[in-house]
$ cat input09.cif   # mmCIF, N, CA and C atoms
data_protein
loop_
_atom_site.label_atom_id
_atom_site.label_comp_id
_atom_site.auth_asym_id
_atom_site.auth_seq_id
_atom_site.Cartn_x
_atom_site.Cartn_y
_atom_site.Cartn_z
N MET A 1 5.95 -13.54 -14.55
CA MET A 1 5.15 -12.59 -13.80
C MET A 1 5.43 -11.18 -14.32
N ALA A 2 4.38 -10.39 -14.46
CA ALA A 2 4.52 -9.01 -14.95
C ALA A 2 5.18 -8.15 -13.87
N ALA A 3 5.87 -7.11 -14.31
CA ALA A 3 6.56 -6.22 -13.38
C ALA A 3 5.60 -5.65 -12.34
N ILE A 4 4.39 -5.28 -12.74
CA ILE A 4 3.45 -4.69 -11.80
C ILE A 4 3.08 -5.66 -10.68
N ASP A 5 3.04 -6.95 -10.99
CA ASP A 5 2.75 -7.95 -9.96
C ASP A 5 3.88 -8.02 -8.94
N ASP A 6 5.12 -7.98 -9.42
CA ASP A 6 6.27 -7.98 -8.51
C ASP A 6 6.31 -6.70 -7.67
N ILE A 7 5.99 -5.58 -8.29
CA ILE A 7 5.97 -4.30 -7.57
C ILE A 7 4.89 -4.34 -6.49
N GLN A 8 3.73 -4.88 -6.84
CA GLN A 8 2.65 -4.98 -5.86
C GLN A 8 3.07 -5.87 -4.69
N THR A 9 3.68 -7.00 -4.97
CA THR A 9 4.14 -7.90 -3.91
C THR A 9 5.16 -7.20 -3.02
N HIS A 10 6.07 -6.45 -3.62
CA HIS A 10 7.09 -5.72 -2.87
C HIS A 10 6.43 -4.70 -1.94
N LEU A 11 5.48 -3.94 -2.48
CA LEU A 11 4.81 -2.92 -1.68
C LEU A 11 3.99 -3.56 -0.56
N GLU A 12 3.36 -4.67 -0.83
CA GLU A 12 2.60 -5.37 0.22
C GLU A 12 3.54 -5.84 1.33
N PHE A 13 4.73 -6.29 0.97
CA PHE A 13 5.73 -6.68 1.96
C PHE A 13 6.09 -5.50 2.87
N LEU A 14 6.07 -4.30 2.30
CA LEU A 14 6.38 -3.09 3.05
C LEU A 14 5.19 -2.56 3.86
N GLY A 15 4.07 -3.27 3.79
CA GLY A 15 2.90 -2.88 4.58
C GLY A 15 1.83 -2.13 3.84
N TYR A 16 1.96 -1.98 2.54
CA TYR A 16 0.93 -1.33 1.76
C TYR A 16 -0.21 -2.30 1.45
N ALA A 17 -1.42 -1.77 1.42
CA ALA A 17 -2.57 -2.51 0.89
C ALA A 17 -2.76 -1.98 -0.53
N ILE A 18 -2.92 -2.88 -1.48
CA ILE A 18 -3.05 -2.49 -2.88
C ILE A 18 -4.43 -2.89 -3.38
N VAL A 19 -5.13 -1.93 -3.99
CA VAL A 19 -6.43 -2.19 -4.57
C VAL A 19 -6.38 -1.74 -6.03
N THR A 20 -6.90 -2.56 -6.91
CA THR A 20 -6.96 -2.21 -8.33
C THR A 20 -8.27 -1.48 -8.60
N GLU A 21 -8.16 -0.30 -9.22
CA GLU A 21 -9.33 0.50 -9.61
C GLU A 21 -9.19 0.81 -11.09
N GLY A 22 -9.80 -0.01 -11.91
CA GLY A 22 -9.71 0.19 -13.35
C GLY A 22 -8.29 0.00 -13.84
N GLU A 23 -7.74 1.03 -14.44
CA GLU A 23 -6.40 0.98 -15.03
C GLU A 23 -5.28 1.32 -14.04
N ARG A 24 -5.65 1.60 -12.81
CA ARG A 24 -4.64 2.01 -11.84
C ARG A 24 -4.74 1.18 -10.57
N LYS A 25 -3.69 1.29 -9.76
CA LYS A 25 -3.67 0.64 -8.45
C LYS A 25 -3.55 1.74 -7.41
N VAL A 26 -4.19 1.53 -6.29
CA VAL A 26 -4.13 2.47 -5.18
C VAL A 26 -3.38 1.79 -4.05
N ALA A 27 -2.30 2.42 -3.61
CA ALA A 27 -1.47 1.89 -2.53
C ALA A 27 -1.74 2.71 -1.27
N THR A 28 -2.20 2.05 -0.22
CA THR A 28 -2.47 2.73 1.04
C THR A 28 -1.60 2.14 2.14
N HIS A 29 -1.25 2.98 3.09
CA HIS A 29 -0.35 2.57 4.18
C HIS A 29 -0.76 3.33 5.43
N GLU A 30 -0.55 2.72 6.59
CA GLU A 30 -0.93 3.35 7.85
C GLU A 30 -0.09 4.57 8.20
N SER A 31 1.19 4.58 7.82
CA SER A 31 2.07 5.68 8.25
C SER A 31 2.78 6.39 7.10
N LYS A 32 2.53 5.97 5.87
CA LYS A 32 3.16 6.61 4.70
C LYS A 32 2.06 7.22 3.84
N LEU A 33 2.46 8.11 2.94
CA LEU A 33 1.47 8.70 2.03
C LEU A 33 0.88 7.63 1.12
N ASN A 34 -0.41 7.72 0.89
CA ASN A 34 -1.07 6.85 -0.09
C ASN A 34 -0.76 7.39 -1.48
N PHE A 35 -0.73 6.50 -2.47
CA PHE A 35 -0.43 6.95 -3.82
C PHE A 35 -1.10 6.06 -4.85
N LEU A 36 -1.16 6.57 -6.06
CA LEU A 36 -1.69 5.83 -7.21
C LEU A 36 -0.53 5.31 -8.04
N ILE A 37 -0.72 4.16 -8.67
CA ILE A 37 0.24 3.64 -9.64
C ILE A 37 -0.52 3.43 -10.93
N ARG A 38 -0.01 4.03 -11.99
CA ARG A 38 -0.64 3.81 -13.29
C ARG A 38 0.45 3.57 -14.33
N GLU A 39 0.09 2.75 -15.31
CA GLU A 39 1.04 2.47 -16.38
C GLU A 39 0.95 3.58 -17.40
N LEU A 40 2.10 4.05 -17.83
CA LEU A 40 2.16 5.11 -18.83
C LEU A 40 3.27 4.75 -19.80
N GLY A 41 2.89 4.17 -20.93
CA GLY A 41 3.88 3.73 -21.91
C GLY A 41 4.79 2.68 -21.31
N PRO A 42 6.09 2.90 -21.41
CA PRO A 42 7.04 1.89 -20.92
C PRO A 42 7.37 2.04 -19.44
N ALA A 43 6.48 2.67 -18.67
CA ALA A 43 6.81 2.95 -17.27
C ALA A 43 5.57 2.95 -16.40
N TYR A 44 5.82 3.03 -15.11
CA TYR A 44 4.77 3.25 -14.13
C TYR A 44 5.00 4.61 -13.51
N ILE A 45 3.91 5.31 -13.25
CA ILE A 45 3.98 6.61 -12.61
C ILE A 45 3.30 6.49 -11.25
N LEU A 46 4.03 6.86 -10.20
CA LEU A 46 3.46 6.94 -8.86
C LEU A 46 3.03 8.37 -8.66
N THR A 47 1.82 8.58 -8.16
CA THR A 47 1.27 9.93 -8.05
C THR A 47 0.52 10.12 -6.74
N VAL A 48 0.71 11.30 -6.16
CA VAL A 48 -0.05 11.75 -5.00
C VAL A 48 -0.64 13.10 -5.37
N PHE A 49 -1.93 13.30 -5.07
CA PHE A 49 -2.60 14.57 -5.32
C PHE A 49 -2.98 15.23 -4.00
N PHE A 50 -2.79 16.54 -3.93
CA PHE A 50 -3.24 17.33 -2.79
C PHE A 50 -4.04 18.51 -3.34
N ARG A 51 -5.28 18.60 -2.96
CA ARG A 51 -6.08 19.76 -3.36
C ARG A 51 -5.59 20.98 -2.59
N THR A 52 -5.57 22.11 -3.27
CA THR A 52 -5.17 23.34 -2.61
C THR A 52 -6.39 24.22 -2.37
N GLN A 53 -6.24 25.13 -1.44
CA GLN A 53 -7.33 26.04 -1.12
C GLN A 53 -7.52 27.06 -2.25
N ASP A 54 -8.71 27.64 -2.30
CA ASP A 54 -9.06 28.56 -3.38
C ASP A 54 -8.11 29.75 -3.49
N HIS A 55 -7.66 30.30 -2.35
CA HIS A 55 -6.77 31.46 -2.41
C HIS A 55 -5.43 31.08 -3.05
N VAL A 56 -5.01 29.83 -2.93
CA VAL A 56 -3.77 29.37 -3.56
C VAL A 56 -4.00 29.20 -5.06
N LYS A 57 -5.17 28.69 -5.43
CA LYS A 57 -5.49 28.52 -6.86
C LYS A 57 -5.56 29.88 -7.55
N ALA A 58 -6.03 30.89 -6.84
CA ALA A 58 -6.14 32.23 -7.41
C ALA A 58 -4.77 32.86 -7.63
N GLU A 59 -3.82 32.55 -6.76
CA GLU A 59 -2.45 33.07 -6.87
C GLU A 59 -1.47 31.95 -6.61
N PRO A 60 -1.31 31.02 -7.57
CA PRO A 60 -0.48 29.83 -7.33
C PRO A 60 1.00 30.12 -7.13
N GLN A 61 1.47 31.31 -7.50
CA GLN A 61 2.90 31.59 -7.32
C GLN A 61 3.31 31.50 -5.87
N VAL A 62 2.35 31.64 -4.95
CA VAL A 62 2.66 31.50 -3.53
C VAL A 62 3.12 30.06 -3.22
N LEU A 63 2.63 29.11 -3.99
CA LEU A 63 3.00 27.72 -3.81
C LEU A 63 4.27 27.35 -4.57
N TYR A 64 4.60 28.11 -5.61
CA TYR A 64 5.75 27.79 -6.44
C TYR A 64 7.07 27.75 -5.68
N GLY A 65 7.25 28.66 -4.74
CA GLY A 65 8.48 28.67 -3.95
C GLY A 65 8.64 27.41 -3.13
N VAL A 66 7.55 26.94 -2.56
CA VAL A 66 7.58 25.69 -1.79
C VAL A 66 7.89 24.52 -2.72
N VAL A 67 7.25 24.49 -3.88
CA VAL A 67 7.49 23.41 -4.85
C VAL A 67 8.95 23.41 -5.30
N ASN A 68 9.51 24.58 -5.53
CA ASN A 68 10.92 24.66 -5.92
C ASN A 68 11.82 24.09 -4.82
N LYS A 69 11.53 24.43 -3.57
CA LYS A 69 12.32 23.92 -2.45
C LYS A 69 12.20 22.40 -2.37
N LEU A 70 11.00 21.88 -2.52
CA LEU A 70 10.79 20.43 -2.49
C LEU A 70 11.57 19.75 -3.61
N ASN A 71 11.55 20.32 -4.80
CA ASN A 71 12.27 19.72 -5.92
C ASN A 71 13.78 19.77 -5.73
N GLN A 72 14.28 20.80 -5.08
CA GLN A 72 15.72 20.88 -4.81
C GLN A 72 16.17 19.76 -3.88
N ASP A 73 15.31 19.37 -2.96
CA ASP A 73 15.68 18.37 -1.95
C ASP A 73 15.24 16.95 -2.30
N SER A 74 14.47 16.79 -3.35
CA SER A 74 13.95 15.45 -3.68
C SER A 74 14.99 14.63 -4.43
N VAL A 75 14.84 13.32 -4.34
CA VAL A 75 15.77 12.38 -4.96
C VAL A 75 15.13 11.70 -6.16
N ALA A 76 13.92 11.18 -6.00
CA ALA A 76 13.29 10.38 -7.05
C ALA A 76 12.01 11.01 -7.59
N ALA A 77 11.40 11.88 -6.84
CA ALA A 77 10.10 12.42 -7.22
C ALA A 77 10.23 13.85 -7.73
N ARG A 78 9.19 14.27 -8.41
CA ARG A 78 9.10 15.68 -8.78
C ARG A 78 7.80 16.21 -8.19
N PHE A 79 7.86 17.42 -7.72
CA PHE A 79 6.70 18.10 -7.16
C PHE A 79 6.26 19.14 -8.18
N LEU A 80 4.96 19.29 -8.37
CA LEU A 80 4.48 20.25 -9.35
C LEU A 80 3.10 20.76 -8.98
N VAL A 81 2.75 21.87 -9.58
CA VAL A 81 1.41 22.42 -9.47
C VAL A 81 0.73 22.10 -10.79
N ASP A 82 -0.38 21.37 -10.72
CA ASP A 82 -1.05 20.96 -11.97
C ASP A 82 -1.90 22.09 -12.54
N GLY A 83 -2.56 21.82 -13.65
CA GLY A 83 -3.36 22.82 -14.34
C GLY A 83 -4.52 23.37 -13.53
N ASP A 84 -4.95 22.64 -12.50
CA ASP A 84 -6.04 23.09 -11.63
C ASP A 84 -5.51 23.85 -10.41
N GLY A 85 -4.18 23.98 -10.30
CA GLY A 85 -3.58 24.67 -9.17
C GLY A 85 -3.39 23.79 -7.95
N ASP A 86 -3.51 22.48 -8.13
CA ASP A 86 -3.32 21.55 -7.03
C ASP A 86 -1.88 21.04 -7.01
N LEU A 87 -1.43 20.60 -5.85
CA LEU A 87 -0.08 20.08 -5.67
C LEU A 87 -0.07 18.59 -6.02
N MET A 88 0.95 18.19 -6.77
CA MET A 88 1.12 16.78 -7.13
C MET A 88 2.55 16.35 -6.85
N ILE A 89 2.70 15.07 -6.57
CA ILE A 89 4.01 14.44 -6.49
C ILE A 89 3.97 13.29 -7.48
N GLU A 90 5.00 13.19 -8.32
CA GLU A 90 5.07 12.10 -9.28
C GLU A 90 6.47 11.51 -9.29
N ALA A 91 6.53 10.23 -9.58
CA ALA A 91 7.81 9.56 -9.77
C ALA A 91 7.65 8.52 -10.88
N PHE A 92 8.69 8.32 -11.62
CA PHE A 92 8.73 7.43 -12.78
C PHE A 92 9.50 6.17 -12.42
N TRP A 93 8.92 5.01 -12.74
CA TRP A 93 9.63 3.74 -12.56
C TRP A 93 9.48 2.94 -13.85
N PRO A 94 10.57 2.46 -14.45
CA PRO A 94 10.47 1.70 -15.70
C PRO A 94 9.64 0.44 -15.53
N ASN A 95 9.05 0.01 -16.60
CA ASN A 95 8.21 -1.20 -16.60
C ASN A 95 9.12 -2.42 -16.52
N HIS A 96 9.81 -2.53 -15.38
CA HIS A 96 10.77 -3.60 -15.13
C HIS A 96 10.89 -3.73 -13.62
N TYR A 97 11.14 -4.93 -13.14
CA TYR A 97 11.28 -5.11 -11.69
C TYR A 97 12.60 -5.77 -11.37
N ASP A 98 13.34 -5.12 -10.50
CA ASP A 98 14.53 -5.68 -9.89
C ASP A 98 14.40 -5.35 -8.40
N ARG A 99 14.44 -6.37 -7.55
CA ARG A 99 14.15 -6.19 -6.13
C ARG A 99 15.03 -5.13 -5.48
N THR A 100 16.33 -5.21 -5.69
CA THR A 100 17.24 -4.27 -5.05
C THR A 100 17.04 -2.85 -5.57
N ALA A 101 16.93 -2.72 -6.88
CA ALA A 101 16.74 -1.39 -7.47
C ALA A 101 15.42 -0.78 -7.03
N PHE A 102 14.35 -1.59 -7.01
CA PHE A 102 13.06 -1.05 -6.59
C PHE A 102 13.08 -0.69 -5.11
N ALA A 103 13.78 -1.45 -4.30
CA ALA A 103 13.91 -1.12 -2.88
C ALA A 103 14.57 0.25 -2.69
N HIS A 104 15.62 0.53 -3.47
CA HIS A 104 16.27 1.84 -3.40
C HIS A 104 15.33 2.94 -3.88
N PHE A 105 14.60 2.65 -4.95
CA PHE A 105 13.66 3.63 -5.49
C PHE A 105 12.58 3.97 -4.47
N ILE A 106 11.98 2.95 -3.86
CA ILE A 106 10.87 3.21 -2.93
C ILE A 106 11.39 3.89 -1.67
N GLU A 107 12.62 3.61 -1.29
CA GLU A 107 13.24 4.31 -0.16
C GLU A 107 13.40 5.81 -0.51
N ALA A 108 13.83 6.09 -1.72
CA ALA A 108 13.95 7.48 -2.16
C ALA A 108 12.57 8.15 -2.24
N TRP A 109 11.57 7.41 -2.72
CA TRP A 109 10.18 7.91 -2.76
C TRP A 109 9.72 8.28 -1.34
N HIS A 110 9.99 7.42 -0.38
CA HIS A 110 9.60 7.71 1.00
C HIS A 110 10.33 8.95 1.53
N HIS A 111 11.60 9.09 1.19
CA HIS A 111 12.35 10.29 1.56
C HIS A 111 11.67 11.53 1.00
N ASP A 112 11.36 11.47 -0.29
CA ASP A 112 10.79 12.64 -0.97
C ASP A 112 9.42 13.00 -0.43
N THR A 113 8.57 12.01 -0.23
CA THR A 113 7.22 12.32 0.27
C THR A 113 7.28 12.83 1.72
N ALA A 114 8.29 12.42 2.46
CA ALA A 114 8.45 12.90 3.83
C ALA A 114 8.89 14.37 3.87
N LEU A 115 9.39 14.89 2.76
CA LEU A 115 9.79 16.30 2.71
C LEU A 115 8.62 17.22 3.01
N LEU A 116 7.41 16.80 2.66
CA LEU A 116 6.23 17.62 2.94
C LEU A 116 6.06 17.86 4.43
N ALA A 117 6.32 16.84 5.23
CA ALA A 117 6.20 16.99 6.68
C ALA A 117 7.20 18.01 7.22
N GLU A 118 8.38 18.06 6.60
CA GLU A 118 9.39 19.02 7.03
C GLU A 118 8.97 20.46 6.76
N LEU A 119 8.11 20.63 5.76
CA LEU A 119 7.64 21.98 5.40
C LEU A 119 6.20 22.20 5.85
N ARG A 120 5.75 21.41 6.80
CA ARG A 120 4.35 21.45 7.25
C ARG A 120 3.89 22.86 7.56
N GLU A 121 4.68 23.62 8.30
CA GLU A 121 4.26 24.98 8.68
C GLU A 121 4.07 25.88 7.47
N GLN A 122 4.92 25.71 6.46
CA GLN A 122 4.84 26.54 5.27
C GLN A 122 3.64 26.18 4.39
N ILE A 123 3.24 24.93 4.37
CA ILE A 123 2.17 24.52 3.46
C ILE A 123 0.82 24.32 4.13
N GLU A 124 0.78 24.46 5.47
CA GLU A 124 -0.45 24.21 6.20
C GLU A 124 -1.63 25.01 5.66
N GLY A 125 -1.44 26.26 5.33
CA GLY A 125 -2.53 27.10 4.83
C GLY A 125 -2.81 26.93 3.34
N PHE A 126 -2.06 26.08 2.67
CA PHE A 126 -2.21 25.90 1.22
C PHE A 126 -3.17 24.76 0.86
N LEU A 127 -3.16 23.71 1.66
CA LEU A 127 -3.87 22.49 1.27
C LEU A 127 -5.29 22.49 1.79
N ALA A 128 -6.19 21.97 0.97
CA ALA A 128 -7.62 21.91 1.33
C ALA A 128 -7.90 20.73 2.23
#
$ encode --input "input09.cif" --output "structure tokens"
Amino acid sequence: MAAIDDIQTHLEFLGYAIVTEGERKVATHESKLNFLIRELGPAYILTVFFRTQDHVKAEPQVLYGVVNKLNQDSVAARFLVDGDGDLMIEAFWPNHYDRTAFAHFIEAWHHDTALLAELREQIEGFLA
């Protein structure tokens, strides 16, 4: 079985619904952030996109401080502002599946994505 199949089964066990859209998979959950999974070379990249409001795109440095704070507190993910001025969260997972290791990784992913809720007041006016 391919690693992506094991990863999908693991995520489904955790309550995610997985849909394949072309080259990527979309993972949706009732109480966790939805994310994309795509293969990139020898790894999978988990990604979440948040569109930002126009005033943030015009002066993205206002978002940089929040992104720096998120990155300081994150364990497995990185937060960044993409070329369009939108907020992204990404995490790298090798093209390999080990149940225990992936469980720790996804737990760290959940920790990191939950950091946004902790900064809700600071980012409320940033996201579209």
$ select_by_dssp --input "input09.cif" --residues "segment 6-36 of chain A" --states "strand (DSSP E)" --output "MDAnalysis selection string"
chainID A and resid 17:21 24:28 35:36
$ select_by_dssp --input "input09.cif" --residues "chain A" --states "helix (DSSP H, G or I)" --output "number ranges by chain"
A: 3-13, 54-58, 61-73, 99-118, 120-123
$ residues_around --input "input09.cif" --residues "segment 43-50 of chain A" --least-positions-apart "5" --cutoff "8 Å" --atoms "all atoms listed in the file" --output "tab-separated table (two decimals) with N, CA and C atoms, in the coordinates of the input"
chain	number	residue	atom	x	y	z
A	33	LEU	N	2.46	8.11	2.94
A	33	LEU	CA	1.47	8.70	2.03
A	33	LEU	C	0.88	7.63	1.12
A	34	ASN	N	-0.41	7.72	0.89
A	34	ASN	CA	-1.07	6.85	-0.09
A	34	ASN	C	-0.76	7.39	-1.48
A	35	PHE	N	-0.73	6.50	-2.47
A	35	PHE	CA	-0.43	6.95	-3.82
A	35	PHE	C	-1.10	6.06	-4.85
A	36	LEU	N	-1.16	6.57	-6.06
A	36	LEU	CA	-1.69	5.83	-7.21
A	36	LEU	C	-0.53	5.31	-8.04
A	37	ILE	N	-0.72	4.16	-8.67
A	37	ILE	CA	0.24	3.64	-9.64
A	37	ILE	C	-0.52	3.43	-10.93
A	38	ARG	N	-0.01	4.03	-11.99
A	38	ARG	CA	-0.64	3.81	-13.29
A	38	ARG	C	0.45	3.57	-14.33
A	85	GLY	N	-4.18	23.98	-10.30
A	85	GLY	CA	-3.58	24.67	-9.17
A	85	GLY	C	-3.39	23.79	-7.95
A	86	ASP	N	-3.51	22.48	-8.13
A	86	ASP	CA	-3.32	21.55	-7.03
A	86	ASP	C	-1.88	21.04	-7.01
A	87	LEU	N	-1.43	20.60	-5.85
A	87	LEU	CA	-0.08	20.08	-5.67
A	87	LEU	C	-0.07	18.59	-6.02
A	88	MET	N	0.95	18.19	-6.77
A	88	MET	CA	1.12	16.78	-7.13
A	88	MET	C	2.55	16.35	-6.85
A	89	ILE	N	2.70	15.07	-6.57
A	89	ILE	CA	4.01	14.44	-6.49
A	89	ILE	C	3.97	13.29	-7.48
A	90	GLU	N	5.00	13.19	-8.32
A	90	GLU	CA	5.07	12.10	-9.28
A	90	GLU	C	6.47	11.51	-9.29
A	91	ALA	N	6.53	10.23	-9.58
A	91	ALA	CA	7.81	9.56	-9.77
A	91	ALA	C	7.65	8.52	-10.88
A	92	PHE	N	8.69	8.32	-11.62
A	92	PHE	CA	8.73	7.43	-12.78
A	92	PHE	C	9.50	6.17	-12.42
A	93	TRP	N	8.92	5.01	-12.74
A	93	TRP	CA	9.63	3.74	-12.56
A	93	TRP	C	9.48	2.94	-13.85
A	94	PRO	N	10.57	2.46	-14.45
A	94	PRO	CA	10.47	1.70	-15.70
A	94	PRO	C	9.64	0.44	-15.53
A	95	ASN	N	9.05	0.01	-16.60
A	95	ASN	CA	8.21	-1.20	-16.60
A	95	ASN	C	9.12	-2.42	-16.52
A	96	HIS	N	9.81	-2.53	-15.38
A	96	HIS	CA	10.77	-3.60	-15.13
A	96	HIS	C	10.89	-3.73	-13.62
A	126	PHE	N	-2.06	26.08	2.67
A	126	PHE	CA	-2.21	25.90	1.22
A	126	PHE	C	-3.17	24.76	0.86
A	127	LEU	N	-3.16	23.71	1.66
A	127	LEU	CA	-3.87	22.49	1.27
A	127	LEU	C	-5.29	22.49	1.79
A	128	ALA	N	-6.19	21.97	0.97
A	128	ALA	CA	-7.62	21.91	1.33
A	128	ALA	C	-7.90	20.73	2.23
$ atom_distance --input "input09.cif" --atom1 "atom N of Val56 of chain A" --atom2 "atom CA of Leu80 of chain A"
14.9 Å
$ atom_distance --input "input09.cif" --atom1 "atom CA of Glu124 of chain A" --atom2 "atom CA of His55 of chain A"
12.9 Å
$ residues_around --input "input09.cif" --residues "segment 8-19 of chain A" --least-positions-apart "5" --cutoff "12 Å" --atoms "only C-alpha atoms" --output "VMD selection string"
chain A and resid 1 to 3 24 to 38 44 97 to 107 110
$ atom_distance --input "input09.cif" --atom1 "atom CA of Arg78 of chain A" --atom2 "atom CA of Gly22 of chain A"
24.8 Å
$ build_atoms --input "input09.cif" --residues "segment 27-42 of chain A" --atoms "N, CA, C and O atoms" --output "compact mmCIF listing (two decimals), in the coordinates of the input"
# COMPACT_ATOMS: atom_id res chain seq x y z
N ALA A 27 -2.30 2.42 -3.61
CA ALA A 27 -1.47 1.89 -2.53
C ALA A 27 -1.74 2.71 -1.27
O ALA A 27 -1.53 3.93 -1.28
N THR A 28 -2.20 2.05 -0.22
CA THR A 28 -2.47 2.73 1.04
C THR A 28 -1.60 2.14 2.14
O THR A 28 -1.27 0.96 2.11
N HIS A 29 -1.25 2.98 3.09
CA HIS A 29 -0.35 2.57 4.18
C HIS A 29 -0.76 3.33 5.43
O HIS A 29 -1.23 4.47 5.35
N GLU A 30 -0.55 2.72 6.59
CA GLU A 30 -0.93 3.35 7.85
C GLU A 30 -0.09 4.57 8.20
O GLU A 30 -0.58 5.51 8.81
N SER A 31 1.19 4.58 7.82
CA SER A 31 2.07 5.68 8.25
C SER A 31 2.78 6.39 7.10
O SER A 31 3.56 7.31 7.34
N LYS A 32 2.53 5.97 5.87
CA LYS A 32 3.16 6.61 4.70
C LYS A 32 2.06 7.22 3.84
O LYS A 32 0.88 6.89 3.97
N LEU A 33 2.46 8.11 2.94
CA LEU A 33 1.47 8.70 2.03
C LEU A 33 0.88 7.63 1.12
O LEU A 33 1.60 6.76 0.62
N ASN A 34 -0.41 7.72 0.89
CA ASN A 34 -1.07 6.85 -0.09
C ASN A 34 -0.76 7.39 -1.48
O ASN A 34 -0.56 8.59 -1.65
N PHE A 35 -0.73 6.50 -2.47
CA PHE A 35 -0.43 6.95 -3.82
C PHE A 35 -1.10 6.06 -4.85
O PHE A 35 -1.55 4.96 -4.55
N LEU A 36 -1.16 6.57 -6.06
CA LEU A 36 -1.69 5.83 -7.21
C LEU A 36 -0.53 5.31 -8.04
O LEU A 36 0.51 5.97 -8.13
N ILE A 37 -0.72 4.16 -8.67
CA ILE A 37 0.24 3.64 -9.64
C ILE A 37 -0.52 3.43 -10.93
O ILE A 37 -1.54 2.75 -10.96
N ARG A 38 -0.01 4.03 -11.99
CA ARG A 38 -0.64 3.81 -13.29
C ARG A 38 0.45 3.57 -14.33
O ARG A 38 1.55 4.10 -14.22
N GLU A 39 0.09 2.75 -15.31
CA GLU A 39 1.04 2.47 -16.38
C GLU A 39 0.95 3.58 -17.40
O GLU A 39 -0.13 4.01 -17.78
N LEU A 40 2.10 4.05 -17.83
CA LEU A 40 2.16 5.11 -18.83
C LEU A 40 3.27 4.75 -19.80
O LEU A 40 4.45 4.93 -19.51
N GLY A 41 2.89 4.17 -20.93
CA GLY A 41 3.88 3.73 -21.91
C GLY A 41 4.79 2.68 -21.31
O GLY A 41 4.31 1.72 -20.72
N PRO A 42 6.09 2.90 -21.41
CA PRO A 42 7.04 1.89 -20.92
C PRO A 42 7.37 2.04 -19.44
O PRO A 42 8.43 1.61 -18.99
